[in-house]
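Structure record follows, encoded as structure tokens.
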Amino acid sequence: MKLAETIKPNIENLLCPDHDIHPIVDTLGDELQINCCCSKFHRLCRKQVEVILREMDFTLNNLTIV
């Protein structure tokens, strides 16, 4: 399983604190595309990806986030 596919369910389960909407997450190879309702929530999702990657001993160099 690709790294992006491993992270995808964790990000999809997040909920925007302002709008109560989940992000739409797509993967293509090592690319993770996160579509959010607002830029504030998109930043929060990116930060969560970084946390997950650190826990897995990876860096953002191993994954592209759009």
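Labels used: A, B, ... for chains in the order of the structure tokens, numbers from 1 for residues in each chain, and numbers from 1 for ligands as shown.
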
Using DSSP on the backbone coordinates, identify the residues of chain A assigned to alpha helix (DSSP H); present them as an MDAnalysis selection string.
-> chainID A and resid 3:12 39:55

Selected residues, N, CA and C atoms, written as a short mmCIF file (atom, residue, chain, number, x, y, z; two decimals), in the first residue's frame, please.
```cif
data_model
loop_
_atom_site.label_atom_id
_atom_site.label_comp_id
_atom_site.auth_asym_id
_atom_site.auth_seq_id
_atom_site.Cartn_x
_atom_site.Cartn_y
_atom_site.Cartn_z
N LEU A 3 2.06 5.14 0.61
CA LEU A 3 2.01 6.00 1.79
C LEU A 3 0.77 6.88 1.79
N ALA A 4 0.43 7.48 0.66
CA ALA A 4 -0.75 8.35 0.57
C ALA A 4 -2.02 7.59 0.90
N GLU A 5 -2.13 6.35 0.43
CA GLU A 5 -3.31 5.53 0.70
C GLU A 5 -3.41 5.17 2.18
N THR A 6 -2.28 5.06 2.84
CA THR A 6 -2.25 4.74 4.27
C THR A 6 -2.76 5.93 5.09
N ILE A 7 -2.40 7.13 4.67
CA ILE A 7 -2.76 8.33 5.41
C ILE A 7 -4.19 8.79 5.11
N LYS A 8 -4.67 8.50 3.93
CA LYS A 8 -5.97 8.99 3.46
C LYS A 8 -7.12 8.82 4.47
N PRO A 9 -7.36 7.63 5.03
CA PRO A 9 -8.50 7.47 5.96
C PRO A 9 -8.40 8.35 7.20
N ASN A 10 -7.18 8.57 7.68
CA ASN A 10 -7.00 9.42 8.86
C ASN A 10 -7.42 10.86 8.59
N ILE A 11 -7.12 11.35 7.39
CA ILE A 11 -7.47 12.72 7.04
C ILE A 11 -8.96 12.83 6.73
N GLU A 12 -9.50 11.82 6.06
CA GLU A 12 -10.93 11.83 5.73
C GLU A 12 -11.82 11.86 6.97
N SER A 39 -9.63 27.41 3.83
CA SER A 39 -8.17 27.35 3.91
C SER A 39 -7.68 27.04 5.33
N LYS A 40 -8.40 27.49 6.32
CA LYS A 40 -8.04 27.21 7.72
C LYS A 40 -8.05 25.70 7.97
N PHE A 41 -9.08 25.03 7.49
CA PHE A 41 -9.18 23.58 7.68
C PHE A 41 -8.14 22.85 6.84
N HIS A 42 -7.83 23.37 5.66
CA HIS A 42 -6.80 22.76 4.82
C HIS A 42 -5.46 22.78 5.55
N ARG A 43 -5.13 23.89 6.19
CA ARG A 43 -3.89 23.98 6.96
C ARG A 43 -3.89 22.97 8.10
N LEU A 44 -5.02 22.82 8.78
CA LEU A 44 -5.14 21.86 9.87
C LEU A 44 -4.91 20.43 9.35
N CYS A 45 -5.48 20.11 8.19
CA CYS A 45 -5.29 18.78 7.59
C CYS A 45 -3.83 18.54 7.24
N ARG A 46 -3.18 19.54 6.67
CA ARG A 46 -1.75 19.41 6.33
C ARG A 46 -0.93 19.16 7.59
N LYS A 47 -1.25 19.88 8.66
CA LYS A 47 -0.52 19.68 9.92
C LYS A 47 -0.73 18.26 10.44
N GLN A 48 -1.94 17.74 10.29
CA GLN A 48 -2.20 16.37 10.72
C GLN A 48 -1.41 15.36 9.89
N VAL A 49 -1.28 15.62 8.59
CA VAL A 49 -0.46 14.76 7.73
C VAL A 49 0.98 14.77 8.24
N GLU A 50 1.50 15.93 8.58
CA GLU A 50 2.87 16.04 9.08
C GLU A 50 3.05 15.25 10.37
N VAL A 51 2.05 15.30 11.26
CA VAL A 51 2.11 14.55 12.51
C VAL A 51 2.15 13.05 12.22
N ILE A 52 1.28 12.60 11.33
CA ILE A 52 1.22 11.18 10.98
C ILE A 52 2.54 10.73 10.37
N LEU A 53 3.10 11.55 9.48
CA LEU A 53 4.37 11.20 8.84
C LEU A 53 5.50 11.10 9.87
N ARG A 54 5.52 12.04 10.81
CA ARG A 54 6.55 11.98 11.87
C ARG A 54 6.41 10.70 12.68
N GLU A 55 5.18 10.33 13.00
CA GLU A 55 4.95 9.10 13.77
C GLU A 55 5.39 7.87 13.00
#
```

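Rounded to one decimal, atom CA of Cys37 of chain A and atom CA of His22 of chain A lie 8.3 Å from each other.
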
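Interatomic distance, atom CA of Leu28 of chain A against atom CA of Ile65 of chain A: 10.6 Å.
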
I'd like the neighbourhood of Ile21 of chain A as a PDB file with N, CA and C atoms, in the first residue's frame, where a residue qualifies if any of its atoms comes within 12 Å (using only C-alpha atoms), though same-chain residues fewer than 2 positions away should be ignored.
```pdb
ATOM      1  N   ILE A  11      -7.122  11.348   7.393  1.00  0.00           N
ATOM      2  CA  ILE A  11      -7.466  12.723   7.043  1.00  0.00           C
ATOM      3  C   ILE A  11      -8.959  12.827   6.726  1.00  0.00           C
ATOM      4  N   GLU A  12      -9.505  11.822   6.062  1.00  0.00           N
ATOM      5  CA  GLU A  12     -10.934  11.830   5.729  1.00  0.00           C
ATOM      6  C   GLU A  12     -11.816  11.865   6.971  1.00  0.00           C
ATOM      7  N   ASN A  13     -11.315  11.355   8.080  1.00  0.00           N
ATOM      8  CA  ASN A  13     -12.099  11.328   9.316  1.00  0.00           C
ATOM      9  C   ASN A  13     -12.089  12.655  10.069  1.00  0.00           C
ATOM     10  N   LEU A  14     -11.236  13.589   9.651  1.00  0.00           N
ATOM     11  CA  LEU A  14     -11.204  14.896  10.307  1.00  0.00           C
ATOM     12  C   LEU A  14     -12.471  15.672   9.970  1.00  0.00           C
ATOM     13  N   LEU A  15     -12.831  16.565  10.854  1.00  0.00           N
ATOM     14  CA  LEU A  15     -14.041  17.368  10.678  1.00  0.00           C
ATOM     15  C   LEU A  15     -13.686  18.841  10.890  1.00  0.00           C
ATOM     16  N   CYS A  16     -14.081  19.677   9.954  1.00  0.00           N
ATOM     17  CA  CYS A  16     -13.796  21.107  10.059  1.00  0.00           C
ATOM     18  C   CYS A  16     -14.466  21.647  11.324  1.00  0.00           C
ATOM     19  N   PRO A  17     -13.702  22.309  12.189  1.00  0.00           N
ATOM     20  CA  PRO A  17     -14.282  22.838  13.423  1.00  0.00           C
ATOM     21  C   PRO A  17     -15.271  23.984  13.181  1.00  0.00           C
ATOM     22  N   ASP A  18     -15.173  24.633  12.027  1.00  0.00           N
ATOM     23  CA  ASP A  18     -16.066  25.757  11.733  1.00  0.00           C
ATOM     24  C   ASP A  18     -17.306  25.349  10.945  1.00  0.00           C
ATOM     25  N   HIS A  19     -17.158  24.352  10.057  1.00  0.00           N
ATOM     26  CA  HIS A  19     -18.252  24.021   9.138  1.00  0.00           C
ATOM     27  C   HIS A  19     -18.812  22.600   9.283  1.00  0.00           C
ATOM     28  N   PRO A  23     -13.092  16.578   4.849  1.00  0.00           N
ATOM     29  CA  PRO A  23     -12.397  16.878   3.602  1.00  0.00           C
ATOM     30  C   PRO A  23     -12.600  15.748   2.600  1.00  0.00           C
ATOM     31  N   ILE A  24     -12.444  16.068   1.340  1.00  0.00           N
ATOM     32  CA  ILE A  24     -12.450  15.054   0.286  1.00  0.00           C
ATOM     33  C   ILE A  24     -10.991  14.799  -0.057  1.00  0.00           C
ATOM     34  N   ASN A  35      -9.115  18.319  -0.458  1.00  0.00           N
ATOM     35  CA  ASN A  35     -10.048  19.397  -0.783  1.00  0.00           C
ATOM     36  C   ASN A  35     -10.884  19.693   0.454  1.00  0.00           C
ATOM     37  N   CYS A  36     -10.793  20.933   0.906  1.00  0.00           N
ATOM     38  CA  CYS A  36     -11.472  21.331   2.138  1.00  0.00           C
ATOM     39  C   CYS A  36     -12.438  22.480   1.880  1.00  0.00           C
ATOM     40  N   CYS A  37     -13.296  22.704   2.848  1.00  0.00           N
ATOM     41  CA  CYS A  37     -14.284  23.781   2.768  1.00  0.00           C
ATOM     42  C   CYS A  37     -13.666  25.160   2.964  1.00  0.00           C
ATOM     43  N   CYS A  38     -12.500  25.221   3.599  1.00  0.00           N
ATOM     44  CA  CYS A  38     -11.861  26.515   3.841  1.00  0.00           C
ATOM     45  C   CYS A  38     -10.349  26.331   4.000  1.00  0.00           C
ATOM     46  N   PHE A  41      -9.083  25.026   7.494  1.00  0.00           N
ATOM     47  CA  PHE A  41      -9.184  23.582   7.680  1.00  0.00           C
ATOM     48  C   PHE A  41      -8.141  22.849   6.843  1.00  0.00           C
ATOM     49  N   HIS A  42      -7.831  23.371   5.662  1.00  0.00           N
ATOM     50  CA  HIS A  42      -6.797  22.755   4.822  1.00  0.00           C
ATOM     51  C   HIS A  42      -5.455  22.783   5.547  1.00  0.00           C
TER      52      HIS A  42
END
```
